[in-house]
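Down below is the structure, laid out as structure tokens.
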Amino acid sequence: MARDVHVTTSTDPFTRGLDYLYGVRSLALVPDMVDVVHDMEQRRPICVWVGHHIEAVNSALNECLLACHACFHPWEQPAIQIFAAPLAQSFGLDGLCNLKTKPMTILIDVGRLAPKDWLLLVSHEYAHAHAGSPGHHDAFARSLTHLCLGLGIVPPPDQAANLPSYPDYRSTKDPLAFWRGKGDDWRLRVGLTQTPDESHADAI
Ligand SMILES: [Zn+2]
């Protein structure tokens with residue numbers, strides 16, 4: 001799995017955080033989906049927090065990714081890397097799957113939903129990668145239904161109308177609060193207790 005996004009020569013948390021944010025910009029559908037680097041007021045506290053904590057957050061997201069992989073045979077598992085990133089409000093996205101990078105990239109704005117719901121959003125984006133399409137058509141529905149059954153999530157109903165926002169979860173009021181270190185203690189809340197992989201017990 002490619003981890004070049006983490007490569008930085010600096011030990012300064014701010015610089016490490018800024019390097020990371022530029023790294024995930026290069027993996028977004030367009031770089032300005034991660035626009036906080038241009039926010040002179042917010043970026044210092046956010047970069048410092050990222051510099052200190054992003055590896056632990058990404059480790060939790062990787063646990064979610066592994067839980068999704070475990071729902072499929074090895075030869076059915078798409079090559080995916082996953083990273084947390086604060087996504088610009090103007091795009092209206094909580095997460096995305098970039099099918100054009102190699103491996104494919106899932107970006108999750110972990111500030112936009114409660115940690116217990118991260119797995120729900122990862123499963124949605126994983127279904128895009130598995131189906132190989134950004135759309136919410138039959139192949140996506142089949143992949144998502146398979147994931148839901150494997151992860152203990154209620155599978156989507158027959159009507160396709162709500163697939164773009166399935167599985168549903170509650171959005172947070174201030175997405176950047178998490179990125180400034182003002183969120184709840186996410187380590188206790190990641191929704192991994194019902195996954196098929198027993199190793200997740202170690203992460204709680
Ligand atoms: Zn979608």
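How things are named: the first chain in the structure tokens is A, the next is B, and so on; residues count from 1 in each chain; ligands count from 1 in the order shown.
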Write out as CSV the residues of chain A that have any atom within 10 Å of an atom of ligand 1, one row each with the nearest atom pair and its distance in Å to one decimal, counting only C-alpha atoms and all ligand atoms, sorted by chain and then rising number.
```
residue,atom,partner,partner_atom_place_in_ligand_line,distance
A:Leu93,CA,ligand 1,1 (Zn),9.5
A:Gly95,CA,ligand 1,1 (Zn),8.6
A:Leu96,CA,ligand 1,1 (Zn),7.5
A:Cys97,CA,ligand 1,1 (Zn),8.2
A:Leu121,CA,ligand 1,1 (Zn),9.2
A:Ser123,CA,ligand 1,1 (Zn),9.9
A:His124,CA,ligand 1,1 (Zn),6.2
A:Glu125,CA,ligand 1,1 (Zn),6.2
A:Tyr126,CA,ligand 1,1 (Zn),9.3
A:Ala127,CA,ligand 1,1 (Zn),8.1
A:His128,CA,ligand 1,1 (Zn),6.5
A:Ala129,CA,ligand 1,1 (Zn),10.0
A:Ser133,CA,ligand 1,1 (Zn),9.1
A:Pro134,CA,ligand 1,1 (Zn),6.4
A:Gly135,CA,ligand 1,1 (Zn),6.6
A:His136,CA,ligand 1,1 (Zn),6.1
A:His137,CA,ligand 1,1 (Zn),9.8
A:Phe140,CA,ligand 1,1 (Zn),8.5
A:Leu163,CA,ligand 1,1 (Zn),7.2
A:Pro164,CA,ligand 1,1 (Zn),4.7
A:Ser165,CA,ligand 1,1 (Zn),6.8
A:Tyr166,CA,ligand 1,1 (Zn),8.0
```
Please save N, CA and C atoms of the selected residues as a PDB file, in the first residue's frame.
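Here's the written file out.pdb:
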```pdb
ATOM      1  N   LEU A  93     -19.035  17.104   0.182  1.00  0.00           N
ATOM      2  CA  LEU A  93     -18.716  15.677   0.289  1.00  0.00           C
ATOM      3  C   LEU A  93     -18.133  15.363   1.666  1.00  0.00           C
ATOM      4  N   GLY A  95     -16.799  12.206   2.009  1.00  0.00           N
ATOM      5  CA  GLY A  95     -15.738  11.288   1.604  1.00  0.00           C
ATOM      6  C   GLY A  95     -15.756  11.154   0.099  1.00  0.00           C
ATOM      7  N   LEU A  96     -14.725  10.552  -0.438  1.00  0.00           N
ATOM      8  CA  LEU A  96     -14.675  10.348  -1.887  1.00  0.00           C
ATOM      9  C   LEU A  96     -13.790   9.153  -2.186  1.00  0.00           C
ATOM     10  N   CYS A  97     -14.025   8.603  -3.385  1.00  0.00           N
ATOM     11  CA  CYS A  97     -13.160   7.530  -3.874  1.00  0.00           C
ATOM     12  C   CYS A  97     -12.609   7.970  -5.220  1.00  0.00           C
ATOM     13  N   LEU A 121     -19.225   5.163   6.228  1.00  0.00           N
ATOM     14  CA  LEU A 121     -18.782   5.940   5.069  1.00  0.00           C
ATOM     15  C   LEU A 121     -17.687   5.209   4.299  1.00  0.00           C
ATOM     16  N   SER A 123     -17.422   2.044   3.984  1.00  0.00           N
ATOM     17  CA  SER A 123     -18.065   0.974   3.214  1.00  0.00           C
ATOM     18  C   SER A 123     -18.698   1.533   1.938  1.00  0.00           C
ATOM     19  N   HIS A 124     -19.264   2.736   2.019  1.00  0.00           N
ATOM     20  CA  HIS A 124     -19.852   3.369   0.826  1.00  0.00           C
ATOM     21  C   HIS A 124     -18.770   3.626  -0.229  1.00  0.00           C
ATOM     22  N   GLU A 125     -17.664   4.223   0.214  1.00  0.00           N
ATOM     23  CA  GLU A 125     -16.597   4.556  -0.742  1.00  0.00           C
ATOM     24  C   GLU A 125     -15.915   3.285  -1.261  1.00  0.00           C
ATOM     25  N   TYR A 126     -15.794   2.292  -0.390  1.00  0.00           N
ATOM     26  CA  TYR A 126     -15.217   1.012  -0.822  1.00  0.00           C
ATOM     27  C   TYR A 126     -16.078   0.386  -1.927  1.00  0.00           C
ATOM     28  N   ALA A 127     -17.400   0.517  -1.789  1.00  0.00           N
ATOM     29  CA  ALA A 127     -18.302  -0.050  -2.806  1.00  0.00           C
ATOM     30  C   ALA A 127     -18.060   0.598  -4.168  1.00  0.00           C
ATOM     31  N   HIS A 128     -17.756   1.905  -4.174  1.00  0.00           N
ATOM     32  CA  HIS A 128     -17.396   2.554  -5.448  1.00  0.00           C
ATOM     33  C   HIS A 128     -16.142   1.916  -6.032  1.00  0.00           C
ATOM     34  N   ALA A 129     -15.144   1.693  -5.197  1.00  0.00           N
ATOM     35  CA  ALA A 129     -13.892   1.106  -5.681  1.00  0.00           C
ATOM     36  C   ALA A 129     -14.136  -0.316  -6.193  1.00  0.00           C
ATOM     37  N   SER A 133     -16.779   2.283 -10.273  1.00  0.00           N
ATOM     38  CA  SER A 133     -17.593   3.349 -10.863  1.00  0.00           C
ATOM     39  C   SER A 133     -17.955   4.394  -9.817  1.00  0.00           C
ATOM     40  N   PRO A 134     -17.967   5.676 -10.214  1.00  0.00           N
ATOM     41  CA  PRO A 134     -18.399   6.719  -9.281  1.00  0.00           C
ATOM     42  C   PRO A 134     -19.926   6.800  -9.160  1.00  0.00           C
ATOM     43  N   GLY A 135     -20.651   6.069 -10.010  1.00  0.00           N
ATOM     44  CA  GLY A 135     -22.123   6.135  -9.999  1.00  0.00           C
ATOM     45  C   GLY A 135     -22.728   5.219  -8.951  1.00  0.00           C
ATOM     46  N   HIS A 136     -24.043   5.344  -8.786  1.00  0.00           N
ATOM     47  CA  HIS A 136     -24.758   4.552  -7.781  1.00  0.00           C
ATOM     48  C   HIS A 136     -25.726   3.594  -8.475  1.00  0.00           C
ATOM     49  N   HIS A 137     -25.187   2.810  -9.409  1.00  0.00           N
ATOM     50  CA  HIS A 137     -26.016   1.928 -10.228  1.00  0.00           C
ATOM     51  C   HIS A 137     -26.020   0.515  -9.649  1.00  0.00           C
ATOM     52  N   PHE A 140     -22.776  -0.961  -8.106  1.00  0.00           N
ATOM     53  CA  PHE A 140     -22.513  -0.323  -6.812  1.00  0.00           C
ATOM     54  C   PHE A 140     -23.441  -0.908  -5.749  1.00  0.00           C
ATOM     55  N   LEU A 163     -29.345   5.540  -2.430  1.00  0.00           N
ATOM     56  CA  LEU A 163     -27.999   4.949  -2.481  1.00  0.00           C
ATOM     57  C   LEU A 163     -26.871   5.978  -2.372  1.00  0.00           C
ATOM     58  N   PRO A 164     -27.015   7.188  -2.954  1.00  0.00           N
ATOM     59  CA  PRO A 164     -25.908   8.157  -2.817  1.00  0.00           C
ATOM     60  C   PRO A 164     -25.582   8.512  -1.373  1.00  0.00           C
ATOM     61  N   SER A 165     -26.522   8.328  -0.466  1.00  0.00           N
ATOM     62  CA  SER A 165     -26.238   8.672   0.935  1.00  0.00           C
ATOM     63  C   SER A 165     -26.417   7.463   1.856  1.00  0.00           C
ATOM     64  N   TYR A 166     -26.194   6.261   1.320  1.00  0.00           N
ATOM     65  CA  TYR A 166     -26.350   5.054   2.128  1.00  0.00           C
ATOM     66  C   TYR A 166     -24.997   4.402   2.403  1.00  0.00           C
TER      67      TYR A 166
END
```
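Those residues of segment 3-200 of chain A that DSSP, working from the backbone, places in strand (DSSP E or B) are Ile80, Gln81, Ile82, Phe83, Ala84, Gly95, Leu96, Cys97, Asn98, Met104, Thr105, Ile106, Leu107, Ile108, Leu113 and Ser171 of chain A.
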For those residues, write N, CA and C atoms to a file as a CSV table (one decimal), in the first residue's frame.
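What follows is the written file part.csv:
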```
chain,number,residue,atom,x,y,z
A,80,ILE,N,-6.5,-0.4,-2.7
A,80,ILE,CA,-7.0,0.9,-2.2
A,80,ILE,C,-6.1,1.4,-1.1
A,81,GLN,N,-5.9,2.7,-1.1
A,81,GLN,CA,-5.3,3.4,0.0
A,81,GLN,C,-6.3,4.3,0.6
A,82,ILE,N,-6.2,4.5,1.9
A,82,ILE,CA,-7.2,5.4,2.6
A,82,ILE,C,-6.5,6.4,3.5
A,83,PHE,N,-7.0,7.6,3.4
A,83,PHE,CA,-6.5,8.7,4.2
A,83,PHE,C,-7.6,9.6,4.7
A,84,ALA,N,-7.4,10.2,5.9
A,84,ALA,CA,-8.3,11.2,6.4
A,84,ALA,C,-7.8,12.6,5.8
A,95,GLY,N,-16.8,12.2,2.0
A,95,GLY,CA,-15.7,11.3,1.6
A,95,GLY,C,-15.8,11.2,0.1
A,96,LEU,N,-14.7,10.6,-0.4
A,96,LEU,CA,-14.7,10.3,-1.9
A,96,LEU,C,-13.8,9.2,-2.2
A,97,CYS,N,-14.0,8.6,-3.4
A,97,CYS,CA,-13.2,7.5,-3.9
A,97,CYS,C,-12.6,8.0,-5.2
A,98,ASN,N,-11.3,8.2,-5.3
A,98,ASN,CA,-10.7,8.5,-6.5
A,98,ASN,C,-10.2,7.3,-7.2
A,104,MET,N,-6.2,2.9,-6.0
A,104,MET,CA,-7.3,3.9,-5.8
A,104,MET,C,-7.3,4.5,-4.4
A,105,THR,N,-7.8,5.7,-4.3
A,105,THR,CA,-7.7,6.4,-3.0
A,105,THR,C,-9.1,6.7,-2.4
A,106,ILE,N,-9.3,6.4,-1.2
A,106,ILE,CA,-10.4,6.8,-0.4
A,106,ILE,C,-10.0,7.9,0.5
A,107,LEU,N,-10.6,9.1,0.4
A,107,LEU,CA,-10.4,10.2,1.4
A,107,LEU,C,-11.7,10.3,2.2
A,108,ILE,N,-11.5,10.4,3.5
A,108,ILE,CA,-12.6,10.5,4.5
A,108,ILE,C,-12.4,11.7,5.3
A,113,LEU,N,-18.4,13.3,10.5
A,113,LEU,CA,-19.3,12.3,11.1
A,113,LEU,C,-18.6,11.7,12.3
A,171,SER,N,-24.6,14.0,10.5
A,171,SER,CA,-23.4,14.8,10.3
A,171,SER,C,-23.1,15.7,11.5
```
Atom pair atom CA of Arg112 of chain A / atom CA of Asp174 of chain A: separation (Å): 7.5 Å
Segment 21-38 of chain A surroundings by only C-alpha atoms, 7 Å radius, close-in-sequence under 2 positions cut, as a PyMOL selection string: chain A and resi 5+17-19+40+43+85-88+91+98+105
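Distances to Gln77 of chain A were evaluated for A:Gly132, A:Pro45, A:Pro175, A:Pro156 using only C-alpha atoms, and the minimum falls at A:Gly132.
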With distances taken over only C-alpha atoms, which of A:Cys64, A:Leu176, A:Ala131, A:Val110 is nearest to Leu151 of chain A? A:Cys64
Of the candidates A:Asp109, A:Gly51, A:Glu63, A:Thr9, which shows the shortest atom-to-atom distance to Phe178 of chain A, using only C-alpha atoms? A:Asp109
Can you tell me, as a ChimeraX atom specification, which residues in chain A count as helix (DSSP H, G or I) by DSSP? /A:4-6,13-25,31-33,36-38,43-69,74-76,89-91,115-131,138-151,160-165,175-179,186-188,198-203
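Atom pair atom CA of Asp117 of chain A / atom CA of Gly181 of chain A has a distance of 18.3 Å (rounded to one decimal).
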Given only C-alpha atoms as the basis, pick out the residue of A:Phe14, A:Trp49, A:Tyr20, A:Phe72 nearest to Gly150 of chain A.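 Among A:Phe14, A:Trp49, A:Tyr20, A:Phe72, it is A:Phe72 that comes nearest to Gly150 of chain A.
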Quote the spacing between atom CA of Glu55 of chain A and atom CA of Asp12 of chain A in Å to one decimal place. 14.9 Å
